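Take a look at the structure set out below.
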There are 2 protein chains.
Amino acid sequence: MSIYSKELSIEEIEVGMEARYSQSITDADIKAFAGISGDRNPVHLDEQYAASSRYKRRIAHGLLSASFFSALFGTKLPGEGSVYVSQSLQFKRAVYIGDTVEAIVIVKSVDLERRRVFFQTLCRVKNRVVIDGEAELYLPESRNHES
Amino acid sequence: MSIYSKELSIEEIEVGMEARYSQSITDADIKAFAGISGDRNPVHLDEQYAASSRYKRRIAHGLLSASFFSALFGTKLPGEGSVYVSQSLQFKRAVYIGDTVEAIVIVKSVDLERRRVFFQTLCRVKNRVVIDGEAELYLPESRNHES
């Protein structure tokens, strides 16, 4: 048993299972993401620029909200030891500073033979979808310490 | 003319144009990404855990390398004012601390009528593809200050 998360074996994972995470997006998150990614697009960082843009206010990087999927997969469902195979992302609406993003991953299908779990992945703000997509995770037989 | 980047109009964007960005992945990058995303999977953070995992060493979050695509789109090609519509990502190989990731975005097609630019997106480490995918960007007619 890991101290990090309750792990489910692939046989315990069922269609419809889900995990959720919510976070309010702050200036600090956006500045930090700009620093890590190098994406210093002024629509994320510059109030004056953003005010005269189509968004009117500063918006978060799309991949900042998408990173919450990574957190859910790596720490909740399937949990540690799972391997991120693929992720698709449709950016539907802008996320603004102050918005609370709810990320949700839902099991759509399980391939026991290939040890794959397929997820629907979405982020919502006030119940409106801002990011939609799908993901594939691989669960190695030995997910924990090999010793 | 923006001080942030030389912008191309959609009519100036041609199939085969590309932009690149390289960065070495450090412990600081991974710690920062873990903090922003909440993805504290020990394979990213815990040397002892990683040593006994299939990877043998700590690996970077996949979306950390993918975030360099966001930087290229937002600041280089198409540049500021472009709108991220979608991104697909296949995580092919792990990226380790110390690896230098080269992110490349290449124009695959342009839809002038819908003002969309479609890209192949890839990250390489030592000339081996670690992430492959595609992206769609929308270029509003008014990308700059509306005033």
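How things are named: the first chain in the structure tokens is A, the next is B, and so on; residues count from 1 in each chain; ligands count from 1 in the order shown.
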>> Residues of chain A within 7 Å of chain B, counting only C-alpha atoms - could you list those as a VMD selection string?
In response: chain A and resid 29 36 to 41 49 52 to 53 63 67 to 68 70 to 71 74 to 75 80 84 to 91 144 to 147
>> Just want the 12 Å neighbourhood of A:Val107, counted on only C-alpha atoms, with same-chain residues fewer than 5 positions away dropped. Output as a list of chain:residue names.
In response: A:Ile10, A:Glu12, A:Ile13, A:Glu14, A:Val15, A:Gly16, A:Met17, A:Glu18, A:Ala19, A:Phe73, A:Leu77, A:Pro78, A:Arg116, A:Val117, A:Phe118, A:Phe119, A:Gln120, A:Thr121, A:Leu122, A:Glu134, A:Ala135, A:Glu136, A:Leu137
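If you look at atom CA of B:Val101 and atom CA of B:Asp27, they are 14.1 Å away from each other.
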> So which residues of chain B fall under strand (DSSP E or B) by DSSP, listed as a PyMOL selection string?
Replying inline: chain B and resi 18-24+59+83-91+96+100-111+116-125+128-138
